[in-house]
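Q: Okay, so here is work11.pdb, and as you'll see once you scroll down, it has PDB, C-alpha atoms.
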ATOM      1  CA  MET A   1     111.330  64.331 127.895  1.00  0.00           C
ATOM      2  CA  ARG A   2     113.290  66.739 130.074  1.00  0.00           C
ATOM      3  CA  LYS A   3     116.065  67.066 127.462  1.00  0.00           C
ATOM      4  CA  LEU A   4     113.455  67.812 124.795  1.00  0.00           C
ATOM      5  CA  ARG A   5     112.020  70.600 126.951  1.00  0.00           C
ATOM      6  CA  HIS A   6     115.509  72.059 127.494  1.00  0.00           C
ATOM      7  CA  LEU A   7     116.180  71.909 123.772  1.00  0.00           C
ATOM      8  CA  ALA A   8     112.896  73.684 123.015  1.00  0.00           C
ATOM      9  CA  VAL A   9     113.700  76.421 125.543  1.00  0.00           C
ATOM     10  CA  LEU A  10     117.181  76.825 124.090  1.00  0.00           C
ATOM     11  CA  CYS A  11     115.771  77.074 120.558  1.00  0.00           C
ATOM     12  CA  LEU A  12     113.272  79.730 121.650  1.00  0.00           C
ATOM     13  CA  LEU A  13     116.017  81.666 123.387  1.00  0.00           C
ATOM     14  CA  VAL A  14     118.278  81.574 120.332  1.00  0.00           C
ATOM     15  CA  LEU A  15     115.362  82.613 118.101  1.00  0.00           C
ATOM     16  CA  SER A  16     114.461  85.513 120.374  1.00  0.00           C
ATOM     17  CA  LEU A  17     118.079  86.708 120.439  1.00  0.00           C
ATOM     18  CA  GLY A  18     118.129  86.533 116.657  1.00  0.00           C
ATOM     19  CA  CYS A  19     115.004  88.679 116.507  1.00  0.00           C
ATOM     20  CA  LEU A  20     116.634  91.285 118.744  1.00  0.00           C
ATOM     21  CA  GLY A  21     119.355  91.748 116.164  1.00  0.00           C
ATOM     22  CA  LEU A  22     122.655  90.818 117.761  1.00  0.00           C
ATOM     23  CA  SER A  23     125.642  92.504 116.215  1.00  0.00           C
ATOM     24  CA  GLN A  24     127.863  90.373 114.011  1.00  0.00           C
ATOM     25  CA  SER A  25     130.650  90.490 116.580  1.00  0.00           C
ATOM     26  CA  ALA A  26     128.360  89.009 119.258  1.00  0.00           C
ATOM     27  CA  ILE A  27     127.181  86.225 116.979  1.00  0.00           C
ATOM     28  CA  ALA A  28     130.601  85.377 115.607  1.00  0.00           C
ATOM     29  CA  SER A  29     132.562  85.674 118.835  1.00  0.00           C
ATOM     30  CA  PRO A  30     134.398  82.425 119.586  1.00  0.00           C
ATOM     31  CA  MET A  31     133.159  80.445 122.579  1.00  0.00           C
ATOM     32  CA  SER A  32     134.768  77.606 124.352  1.00  0.00           C
ATOM     33  CA  SER A  33     132.837  74.396 124.874  1.00  0.00           C
ATOM     34  CA  ALA A  34     132.344  75.373 128.529  1.00  0.00           C
ATOM     35  CA  ASP A  35     130.505  78.526 127.447  1.00  0.00           C
ATOM     36  CA  THR A  36     128.282  76.802 124.907  1.00  0.00           C
ATOM     37  CA  PHE A  37     125.208  76.835 127.134  1.00  0.00           C
ATOM     38  CA  SER A  38     126.097  80.047 128.979  1.00  0.00           C
ATOM     39  CA  LEU A  39     124.844  83.307 127.561  1.00  0.00           C
ATOM     40  CA  ASN A  40     127.005  85.435 129.857  1.00  0.00           C
ATOM     41  CA  ASN A  41     129.448  86.222 127.052  1.00  0.00           C
ATOM     42  CA  LEU A  42     126.781  87.600 124.716  1.00  0.00           C
ATOM     43  CA  THR A  43     126.202  91.326 124.851  1.00  0.00           C
ATOM     44  CA  LEU A  44     123.519  93.253 123.093  1.00  0.00           C
ATOM     45  CA  PRO A  45     124.370  96.568 121.459  1.00  0.00           C
ATOM     46  CA  SER A  46     123.531  99.390 123.829  1.00  0.00           C
ATOM     47  CA  SER A  47     121.018 102.055 122.890  1.00  0.00           C
ATOM     48  CA  THR A  48     123.801 104.656 122.712  1.00  0.00           C
ATOM     49  CA  ALA A  49     125.576 102.542 120.118  1.00  0.00           C
ATOM     50  CA  LEU A  50     122.384 102.423 118.086  1.00  0.00           C
ATOM     51  CA  ILE A  51     122.005 106.181 118.304  1.00  0.00           C
ATOM     52  CA  ALA A  52     125.605 106.703 117.249  1.00  0.00           C
ATOM     53  CA  ARG A  53     125.030 104.506 114.213  1.00  0.00           C
ATOM     54  CA  SER A  54     121.933 106.405 113.061  1.00  0.00           C
ATOM     55  CA  ARG A  55     122.556 108.743 110.204  1.00  0.00           C
ATOM     56  CA  SER A  56     120.973 112.099 109.691  1.00  0.00           C
ATOM     57  CA  ASN A  57     121.101 114.534 106.857  1.00  0.00           C
ATOM     58  CA  GLU A  58     119.992 118.101 106.317  1.00  0.00           C
ATOM     59  CA  ALA A  59     116.458 117.045 105.360  1.00  0.00           C
ATOM     60  CA  ASP A  60     116.047 114.874 108.477  1.00  0.00           C
ATOM     61  CA  ARG A  61     117.341 117.616 110.751  1.00  0.00           C
ATOM     62  CA  LYS A  62     114.890 120.104 109.276  1.00  0.00           C
ATOM     63  CA  LEU A  63     111.977 117.667 109.624  1.00  0.00           C
ATOM     64  CA  SER A  64     112.644 117.503 113.364  1.00  0.00           C
ATOM     65  CA  THR A  65     111.986 121.256 113.650  1.00  0.00           C
ATOM     66  CA  GLU A  66     108.831 123.310 113.084  1.00  0.00           C
ATOM     67  CA  PHE A  67     109.102 122.405 109.397  1.00  0.00           C
ATOM     68  CA  GLY A  68     108.006 118.833 110.069  1.00  0.00           C
ATOM     69  CA  GLU A  69     104.847 119.953 111.864  1.00  0.00           C
ATOM     70  CA  LYS A  70     103.733 122.817 109.625  1.00  0.00           C
ATOM     71  CA  ILE A  71     103.543 123.567 105.920  1.00  0.00           C
ATOM     72  CA  ASP A  72     106.678 125.439 104.931  1.00  0.00           C
ATOM     73  CA  LEU A  73     105.648 127.770 102.136  1.00  0.00           C
ATOM     74  CA  ASN A  74     109.157 127.817 100.630  1.00  0.00           C
ATOM     75  CA  ASN A  75     109.957 124.100 100.820  1.00  0.00           C
ATOM     76  CA  THR A  76     106.918 121.819 101.211  1.00  0.00           C
ATOM     77  CA  HIS A  77     105.870 119.489  98.399  1.00  0.00           C
ATOM     78  CA  VAL A  78     102.514 120.024  96.673  1.00  0.00           C
ATOM     79  CA  ARG A  79     101.197 116.709  98.037  1.00  0.00           C
ATOM     80  CA  LYS A  80     101.255 117.993 101.625  1.00  0.00           C
ATOM     81  CA  PHE A  81      98.522 120.473 100.715  1.00  0.00           C
ATOM     82  CA  ARG A  82      96.103 117.581 100.012  1.00  0.00           C
ATOM     83  CA  HIS A  83      95.248 117.490 103.708  1.00  0.00           C
ATOM     84  CA  TYR A  84      93.646 120.937 103.508  1.00  0.00           C
ATOM     85  CA  ARG A  85      90.324 121.327 101.724  1.00  0.00           C
ATOM     86  CA  GLY A  86      90.418 123.758  98.807  1.00  0.00           C
ATOM     87  CA  PHE A  87      94.205 123.900  98.456  1.00  0.00           C
ATOM     88  CA  TYR A  88      95.074 120.957  96.227  1.00  0.00           C
ATOM     89  CA  PRO A  89      96.065 121.215  93.398  1.00  0.00           C
ATOM     90  CA  ASN A  90      95.336 124.742  92.126  1.00  0.00           C
ATOM     91  CA  LEU A  91      95.983 126.934  95.152  1.00  0.00           C
ATOM     92  CA  ALA A  92      98.916 124.771  96.236  1.00  0.00           C
ATOM     93  CA  SER A  93     100.507 125.148  92.786  1.00  0.00           C
ATOM     94  CA  LYS A  94     100.076 128.926  92.934  1.00  0.00           C
ATOM     95  CA  ILE A  95     101.704 129.042  96.370  1.00  0.00           C
ATOM     96  CA  ILE A  96     104.669 126.962  95.215  1.00  0.00           C
ATOM     97  CA  GLN A  97     105.146 128.796  91.916  1.00  0.00           C
ATOM     98  CA  GLU A  98     105.032 132.222  93.543  1.00  0.00           C
ATOM     99  CA  GLY A  99     107.411 131.061  96.268  1.00  0.00           C
ATOM    100  CA  LYS A 100     109.858 129.938  93.618  1.00  0.00           C
ATOM    101  CA  ILE A 101     109.918 133.406  92.065  1.00  0.00           C
ATOM    102  CA  HIS A 102     109.692 135.398  95.312  1.00  0.00           C
ATOM    103  CA  PRO A 103     110.509 133.297  98.384  1.00  0.00           C
ATOM    104  CA  TYR A 104     108.203 134.050 101.300  1.00  0.00           C
ATOM    105  CA  LYS A 105     109.785 136.008 104.142  1.00  0.00           C
ATOM    106  CA  SER A 106     106.709 135.640 106.356  1.00  0.00           C
ATOM    107  CA  VAL A 107     103.531 133.593 106.165  1.00  0.00           C
ATOM    108  CA  GLU A 108     101.469 136.737 105.473  1.00  0.00           C
ATOM    109  CA  ASP A 109     103.332 137.138 102.153  1.00  0.00           C
ATOM    110  CA  VAL A 110     101.216 134.293 100.761  1.00  0.00           C
ATOM    111  CA  LEU A 111      98.223 136.669 100.687  1.00  0.00           C
ATOM    112  CA  LYS A 112     100.110 138.853  98.161  1.00  0.00           C
ATOM    113  CA  ILE A 113     100.018 136.197  95.409  1.00  0.00           C
ATOM    114  CA  PRO A 114      98.588 137.876  92.299  1.00  0.00           C
ATOM    115  CA  GLY A 115      95.318 136.497  90.934  1.00  0.00           C
ATOM    116  CA  LEU A 116      93.920 135.025  94.154  1.00  0.00           C
ATOM    117  CA  SER A 117      90.145 134.891  94.429  1.00  0.00           C
ATOM    118  CA  GLU A 118      88.366 136.073  97.576  1.00  0.00           C
ATOM    119  CA  ARG A 119      87.599 132.439  98.491  1.00  0.00           C
ATOM    120  CA  GLN A 120      91.297 131.515  98.171  1.00  0.00           C
ATOM    121  CA  LYS A 121      92.299 134.488 100.329  1.00  0.00           C
ATOM    122  CA  LYS A 122      89.803 133.387 103.002  1.00  0.00           C
ATOM    123  CA  LEU A 123      91.194 129.836 102.919  1.00  0.00           C
ATOM    124  CA  LEU A 124      94.740 131.146 103.260  1.00  0.00           C
ATOM    125  CA  GLN A 125      93.836 133.573 106.047  1.00  0.00           C
ATOM    126  CA  ALA A 126      92.089 130.799 107.987  1.00  0.00           C
ATOM    127  CA  GLN A 127      95.210 128.623 107.821  1.00  0.00           C
ATOM    128  CA  ILE A 128      97.452 131.546 108.769  1.00  0.00           C
ATOM    129  CA  ASP A 129      95.248 132.231 111.803  1.00  0.00           C
ATOM    130  CA  GLU A 130      95.400 128.535 112.744  1.00  0.00           C
ATOM    131  CA  GLY A 131      99.197 128.544 112.540  1.00  0.00           C
ATOM    132  CA  THR A 132      99.370 125.919 109.787  1.00  0.00           C
ATOM    133  CA  PHE A 133     102.084 127.682 107.786  1.00  0.00           C
ATOM    134  CA  THR A 134     105.681 128.591 108.395  1.00  0.00           C
ATOM    135  CA  ALA A 135     108.211 130.285 106.129  1.00  0.00           C
ATOM    136  CA  THR A 136     111.818 129.166 106.421  1.00  0.00           C
ATOM    137  CA  PRO A 137     114.554 129.990 103.900  1.00  0.00           C
ATOM    138  CA  ARG A 138     114.510 127.919 100.713  1.00  0.00           C
ATOM    139  CA  SER A 139     116.510 124.746 101.103  1.00  0.00           C
ATOM    140  CA  GLU A 140     118.142 123.009  98.144  1.00  0.00           C
ATOM    141  CA  VAL A 141     117.362 119.635  99.727  1.00  0.00           C
ATOM    142  CA  TYR A 142     113.631 120.176  99.150  1.00  0.00           C
ATOM    143  CA  ASN A 143     113.776 122.250  95.979  1.00  0.00           C
ATOM    144  CA  ALA A 144     116.329 120.400  93.855  1.00  0.00           C
ATOM    145  CA  GLY A 145     115.030 119.379  90.458  1.00  0.00           C
ATOM    146  CA  ASP A 146     111.790 121.384  90.764  1.00  0.00           C
ATOM    147  CA  ASP A 147     110.065 118.219  91.993  1.00  0.00           C
ATOM    148  CA  ARG A 148     107.811 120.050  94.446  1.00  0.00           C
ATOM    149  CA  TYR A 149     105.119 120.299  91.735  1.00  0.00           C
ATOM    150  CA  ASN A 150     104.919 116.617  90.852  1.00  0.00           C
ATOM    151  CA  PRO A 151     101.831 115.202  92.585  1.00  0.00           C
ATOM    152  CA  GLY A 152     103.015 111.630  91.984  1.00  0.00           C
ATOM    153  CA  VAL A 153      99.899 110.636  90.027  1.00  0.00           C
ATOM    154  CA  TYR A 154     100.622 108.696  86.858  1.00  0.00           C
TER
END
Go ahead and render the structure in this file as structure tokens.

A:
Amino acid sequence: MRKLRHLAVLCLLVLSLGCLGLSQSAIASPMSSADTFSLNNLTLPSSTALIARSRSNEADRKLSTEFGEKIDLNNTHVRKFRHYRGFYPNLASKIIQEGKIHPYKSVEDVLKIPGLSERQKKLLQAQIDEGTFTATPRSEVYNAGDDRYNPGVY
């Protein structure tokens, strides 16, 4: 009975180590028969090693700035405007189309879009006052292929 309990504990330990994601080198490292039941030779990857392995690109770096928290008038996809009543899809499309022709230098430039109704101007001004928008230079990462207009509804 005691051996069965030890075997169950060992199985749970091995399963839990497998769930933690041991590196291949830790799993495949050769062990002598004396080390079979000793876990002293196993090392888990350190958090710094995990950070070093993470990859980042231009889009990820920009998302970690103000761009990820606000609507960037020059780069944000039309779908992000769905969270704001009255913007999606018509006003959002106008904002994106005008920004493609004349990139916004400041958030107040959005009020200069030709053909805006008074209601649309009030909606825009309310979001400007709230600090919802930002205007960063156009980035090819977010504008490649003119996919900012595709709402993803098929």

Q: List every protein, DNA or RNA residue with an atom no more than 12 Å from (108.8, 134.6, 100.9) in the file's coordinates, counting only C-alpha atoms, and format the result as a list in words.

A: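 Here the neighbourhood of the point contains Asp72, Leu73, Asn74, Asn75, Ile95, Ile96, Gln97, Glu98, Gly99, Lys100, Ile101, His102, Pro103, Tyr104, Lys105, Ser106, Val107, Glu108, Asp109, Val110, Leu111, Lys112, Ile113, Phe133, Thr134, Ala135, Thr136, Pro137 and Arg138 of chain A.
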
Q: Please report the interatomic distance between atom CA of A:Phe87 and atom CA of A:Asn143 in Å with one decimal.

A: 19.8 Å

Q: Please provide as a list of chain:residue names all residues within 12 Å of A:Glu58, with the sequence filter that same-chain residues fewer than 3 positions apart are discarded (counting all atoms listed in the file).

A: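 Non-adjacent residues within range: A:Arg55, A:Arg61, A:Lys62, A:Leu63, A:Ser64, A:Thr65, A:Ser139, A:Glu140, A:Val141, A:Tyr142.
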
Q: My list of candidates is A:Leu7, A:Met1, A:Leu91, A:Ala144. Which is closest to A:Arg119 when distances are computed with all atoms listed in the file?

A: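 Ranked by minimum distance to A:Arg119, first place goes to A:Leu91.
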
Q: Work out how far atom CA of A:Lys121 is from atom CA of A:Gly68, in Å to one decimal.

A: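 Between atom CA of A:Gly68 and atom CA of A:Lys121 the gap is 24.2 Å.
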
Q: Would you fill the gaps in stretch 74-92 of chain A so it has N, CA and C atoms, then print it as a compact mmCIF listing (two decimals), keeping the file's coordinate frame?

A:
# COMPACT_ATOMS: atom_id res chain seq x y z
N ASN A 74 108.02 127.79 101.55
CA ASN A 74 109.16 127.82 100.63
C ASN A 74 109.71 126.44 100.29
N ASN A 75 109.31 125.40 101.01
CA ASN A 75 109.96 124.10 100.82
C ASN A 75 109.03 122.89 100.72
N THR A 76 107.79 122.99 101.16
CA THR A 76 106.92 121.82 101.21
C THR A 76 106.46 121.39 99.83
N HIS A 77 106.33 120.09 99.65
CA HIS A 77 105.87 119.49 98.40
C HIS A 77 104.37 119.71 98.22
N VAL A 78 103.92 119.76 96.99
CA VAL A 78 102.51 120.02 96.67
C VAL A 78 101.59 118.99 97.30
N ARG A 79 102.05 117.76 97.47
CA ARG A 79 101.20 116.71 98.04
C ARG A 79 100.79 116.97 99.48
N LYS A 80 101.59 117.71 100.22
CA LYS A 80 101.26 117.99 101.62
C LYS A 80 100.00 118.86 101.74
N PHE A 81 99.70 119.61 100.71
CA PHE A 81 98.52 120.47 100.72
C PHE A 81 97.23 119.67 100.55
N ARG A 82 97.31 118.40 100.19
CA ARG A 82 96.10 117.58 100.01
C ARG A 82 95.31 117.45 101.29
N HIS A 83 95.92 117.64 102.42
CA HIS A 83 95.25 117.49 103.71
C HIS A 83 94.36 118.68 104.05
N TYR A 84 94.40 119.72 103.23
CA TYR A 84 93.65 120.94 103.51
C TYR A 84 92.66 121.20 102.36
N ARG A 85 91.39 121.18 102.70
CA ARG A 85 90.32 121.33 101.72
C ARG A 85 90.45 122.66 100.98
N GLY A 86 90.37 122.57 99.65
CA GLY A 86 90.42 123.76 98.81
C GLY A 86 91.80 124.18 98.34
N PHE A 87 92.84 123.51 98.82
CA PHE A 87 94.20 123.90 98.46
C PHE A 87 94.76 123.11 97.28
N TYR A 88 94.43 121.85 97.20
CA TYR A 88 95.07 120.96 96.23
C TYR A 88 94.19 120.79 95.02
N PRO A 89 94.70 120.91 93.83
CA PRO A 89 96.06 121.22 93.40
C PRO A 89 96.27 122.67 93.01
N ASN A 90 95.18 123.40 92.71
CA ASN A 90 95.34 124.74 92.13
C ASN A 90 95.99 125.76 93.06
N LEU A 91 95.43 125.95 94.24
CA LEU A 91 95.98 126.93 95.15
C LEU A 91 97.38 126.53 95.61
N ALA A 92 97.59 125.26 95.83
CA ALA A 92 98.92 124.77 96.24
C ALA A 92 99.95 125.07 95.15
